[in-house]
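**Q** Quick one: the structure is below, and I'll ask about it shortly.
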Amino acid sequence: MQKINKNVVLALLSLTSLVFLLFQLYYYKFYLSQKNGAVFSKVRGSQSGQDSTRWHVVKKFLGLISSHNIPVYLIDPLILGLVDKDIEQIRSSPGGPSPECKYFCAPRDFTTFALLDKTWKHEMGLFRTAEKMGFQWLKIISKDPRLDGMDDLSGIEIPLHYIFKLASHAIHLVVFYERSGNYLWHGPLRLKQHMDRKFVPFRKLHFGRYPGAYEKPELLLVSIDDLKVQIPKNPSSFLEEMSHSRFLECRYREARAFFQLYPDDASLDAVEFRKKAKSLLHLAALTLNNLGVKFWLSSGTCLGWYRQCNVIPHSKDVDLGIFITDYKADIIPAFQKAGLPLKHKFGKVEDSLELSFQGEDDVKLDIFFFYEEDDHIWNGGTQAKSGKKFKYLFPKFTLCWTEFVELKVHVPCETRQYVEANYGPDWKVPVKRWDWKSSPSNVQYNGVWPVDEWDDVIQIY
């Protein structure tokens, strides 16, 4: 028997392995991938098959929602950032074939769209069609905060997020709801215990880490990478809004517990004061928003929101905070034009500025200006008769949105620390007698205004 040549055997084995490997690739490409909706031809101008996959998944999703007459708009921050650089060119584009896939082929795990809840109700038909197109889907629900109140904690659940997955890309559909303050709100994305936490890389989602509040956007229909899609008319404004959109819900459960210990004041005077305070706060918000001045609920008004989800009736005023860096000289004339005369002006822009405006009857609006130091933030106070200065120290904080007396308004995100700094560890206990010079936990004596400055820093009208 002839001796077998080892090189020939090795060559035959290699050839057999290569043929088998080619067969596997062919089988996957033309059977398994098509079965799972994962084969896509390369889109014009894209750099790789993976780029093409992203574009085709978005195209299929847009076809899916179009077939069910669901109006969505693009809110993906990565794509909107790219679009914003070319917005004038995109707006004027006739919508013809694009020479390259520049936007929807950009590397990312998700493409994010928004859906207004009131524009769509029939989800089961959409899910059936999605499955036929090869999509897998996930629905995230949670309780509807719009139905919560002092009299009812409903617990009724609503859809907050949908995720549609196809091949290696996913579509994140964020559901926005209209709130009574005439703004849009989306909820957090919290997975139920039984849900697959490996369905998609949830940590990479741009929306859902916390609830968000937005103004109603004006939309623009454009052609991007040969796909017709609606986007916010001003992408840069939307992206700026997104970066400061975090929303805090009023703590109704804690407020109910508070009122069980300390029954609410339902007297005619209390009801009238709350009505006037609400009207004053709405007018102040309108005035400052028109000026582009960012503000937040401060002092007793912030305490009322955090502790009892309402205005404290014995406070007799409305308190707002503004960073001194946002101060504008137009503030005083703007409030006077709105029908709120200046009651007093203490301090100066460089130090301890404080404004007070007279509202209806004896209800006043106090605006405190805050100054930032290395490790804290503070606002000042002035005693008119003596010229003494006081300083109120707070830990540094950021601003979040909330809804208060049917108004979208800012509060410190770190609300508890803010309230405790001002009112101490017993902030939950109502105090009707309050001395602004000695009662606050964070007050410090800060010297005396020089007598020759009194005409400028102590002005009473």
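If you're wondering about the labels, chains in the structure tokens are A, B, ... by order shown, residues count from 1 in each chain, ligands from 1 in order shown.
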Which residues, written as a PyMOL selection string, have at least one atom at most 9 Å from segment 105-122 of chain A, with only C-alpha atoms counted and residues fewer than 3 positions away on the same chain left out?

**A** chain A and resi 43+46-47+50-55+58+68-79+101-102+125-126+159+168-178+184+200-201+204-207+225

**Q** According to DSSP computed on the backbone, where in segment 139-204 of chain A is there strand (DSSP E or B)? Give the residues as a ChimeraX atom specification.

**A** /A:139-143,157-166,169-179,183-186

**Q** Just the number, please: distance in Å from atom CA of Ile163 of chain A to atom CA of Leu138 of chain A, one decimal.

**A**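 Going from atom CA of Ile163 of chain A over to atom CA of Leu138 of chain A covers 5.1 Å.
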
**Q** Between A:Asp144, A:Glu403, A:Asp351, A:Asp362, which residue has the minimum interatomic distance to Leu297 of chain A, considering only C-alpha atoms?

**A**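 Closest to Leu297 of chain A of all the choices is A:Glu403.
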
**Q** Restricting the calculation to only C-alpha atoms, which member of A:Lys408, A:Arg246, A:Lys437, A:Lys276 is positioned closest to Gly208 of chain A?

**A**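 The shortest atom-to-atom distance to Gly208 of chain A comes from A:Arg246.
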
**Q** Can you pull out the residues contacting Ser92 of chain A? Cut-off 12 Å, using only C-alpha atoms, and skip same-chain residues under 2 positions away; I want them as a VMD selection string.

**A** chain A and resid 86 to 90 94 to 96 220 to 224

**Q** Go ahead and compute the interatomic distance for atom CA of Val451 of chain A and atom CA of Asp374 of chain A, in Å to one decimal.

**A** 29.8 Å

**Q** Residues at most 9 Å from Arg209 of chain A, counting only C-alpha atoms, excluding those fewer than 3 positions away in the same chain, as a CSV table (one decimal) with all heavy atoms, in the first residue's frame?

**A**
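What ended up in selection20.csv:
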chain,number,residue,atom,x,y,z
A,187,GLY,N,-42.4,60.0,31.4
A,187,GLY,CA,-42.1,59.3,32.6
A,187,GLY,C,-40.8,58.6,32.6
A,187,GLY,O,-40.1,58.5,31.6
A,188,PRO,N,-40.3,58.0,33.7
A,188,PRO,CA,-39.1,57.3,33.8
A,188,PRO,C,-39.3,55.9,33.1
A,188,PRO,O,-40.4,55.4,33.0
A,188,PRO,CB,-38.8,57.2,35.3
A,188,PRO,CG,-40.2,57.1,35.9
A,188,PRO,CD,-41.0,58.1,35.0
A,189,LEU,N,-38.2,55.3,32.8
A,189,LEU,CA,-38.2,53.9,32.3
A,189,LEU,C,-37.7,53.0,33.4
A,189,LEU,O,-36.5,53.0,33.7
A,189,LEU,CB,-37.3,53.8,31.1
A,189,LEU,CG,-37.5,52.5,30.2
A,189,LEU,CD1,-37.0,52.8,28.8
A,189,LEU,CD2,-36.8,51.3,30.8
A,190,ARG,N,-38.7,52.3,34.0
A,190,ARG,CA,-38.4,51.4,35.1
A,190,ARG,C,-38.9,50.0,34.7
A,190,ARG,O,-40.1,49.8,34.5
A,190,ARG,CB,-39.0,51.8,36.4
A,190,ARG,CG,-38.6,53.2,36.9
A,190,ARG,CD,-37.2,53.2,37.4
A,190,ARG,NE,-36.8,54.6,37.9
A,190,ARG,CZ,-36.1,55.4,37.1
A,190,ARG,NH1,-35.8,55.1,35.9
A,190,ARG,NH2,-35.8,56.6,37.6
A,203,ARG,N,-28.9,51.1,29.7
A,203,ARG,CA,-28.1,52.1,30.3
A,203,ARG,C,-27.7,53.2,29.3
A,203,ARG,O,-27.3,54.3,29.6
A,203,ARG,CB,-26.8,51.5,30.9
A,203,ARG,CG,-27.1,50.7,32.2
A,203,ARG,CD,-25.9,50.1,32.8
A,203,ARG,NE,-26.1,49.3,33.9
A,203,ARG,CZ,-26.1,49.7,35.2
A,203,ARG,NH1,-25.8,51.0,35.4
A,203,ARG,NH2,-26.4,48.9,36.2
A,205,LEU,N,-29.7,54.4,27.0
A,205,LEU,CA,-30.8,55.2,26.6
A,205,LEU,C,-30.7,56.7,27.0
A,205,LEU,O,-30.2,57.0,28.0
A,205,LEU,CB,-32.1,54.7,27.2
A,205,LEU,CG,-32.7,53.4,26.7
A,205,LEU,CD1,-33.8,52.9,27.5
A,205,LEU,CD2,-33.1,53.5,25.2
A,206,HIS,N,-31.1,57.6,26.1
A,206,HIS,CA,-31.0,59.0,26.4
A,206,HIS,C,-32.2,59.5,27.2
A,206,HIS,O,-32.1,60.6,27.8
A,206,HIS,CB,-30.9,59.8,25.1
A,206,HIS,CG,-29.6,59.5,24.3
A,206,HIS,ND1,-28.4,59.9,24.7
A,206,HIS,CD2,-29.4,58.8,23.2
A,206,HIS,CE1,-27.5,59.5,23.8
A,206,HIS,NE2,-28.1,58.8,22.9

**Q** Find the residues around His376 of chain A up to 6 Å (only C-alpha atoms counted), leave out those fewer than 5 positions away in its own chain, and share them as a PyMOL selection string.

**A** chain A and resi 394-396

**Q** If you run DSSP on the backbone here, which positions in segment 52-299 of chain A get alpha helix (DSSP H)? Please write them as a VMD selection string.

**A** chain A and resid 52 to 67 77 to 85 87 to 92 123 to 132 235 to 243 252 to 261 268 to 291 299

**Q** Mind checking which residues fall within 7 Å of Asp317 of chain A, counting only C-alpha atoms, ignoring those fewer than 4 positions away in the same chain, and posting them as a PyMOL selection string?

**A** chain A and resi 363-365

**Q** So, counting only C-alpha atoms, which residue among A:Gly134, A:Gly447, A:Pro97, A:Pro341 is closest to Phe61 of chain A?

**A**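 Checking each candidate against Phe61 of chain A, we get A:Gly134 as the closest.
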
**Q** Looking at only C-alpha atoms, which of A:Tyr371, A:Phe346, A:Trp427, A:Tyr162 is the one that sits closest to Tyr461 of chain A?

**A**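 Among the listed residues, the smallest separation from Tyr461 of chain A belongs to A:Phe346.
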
**Q** Between A:Ala213, A:Ala277, A:Ile156, A:Ile332, which is the closest to Ser142 of chain A once you count only C-alpha atoms?

**A**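 Between A:Ala213, A:Ala277, A:Ile156, A:Ile332, the residue approaching Ser142 of chain A most closely is A:Ile156.
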
**Q** Mind pulling up the distance from atom CA of Leu62 of chain A to atom CA of Asp84 of chain A?

**A** 21.1 Å

**Q** Nearest residue to Ile231 of chain A out of A:Ala329, A:Leu80, A:Val443, A:Cys309, using only C-alpha atoms?

**A**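 Among the listed residues, A:Leu80 lies closest to Ile231 of chain A.
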
**Q** I'd like the neighbourhood of His244 of chain A as a list of chain:residue names, where a residue qualifies if any of its atoms comes within 9 Å (using only C-alpha atoms), though same-chain residues fewer than 5 positions away should be ignored.

**A**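 The neighbour list is A:Gly212, A:Ala213, A:Leu399, A:Cys400, A:Trp401.
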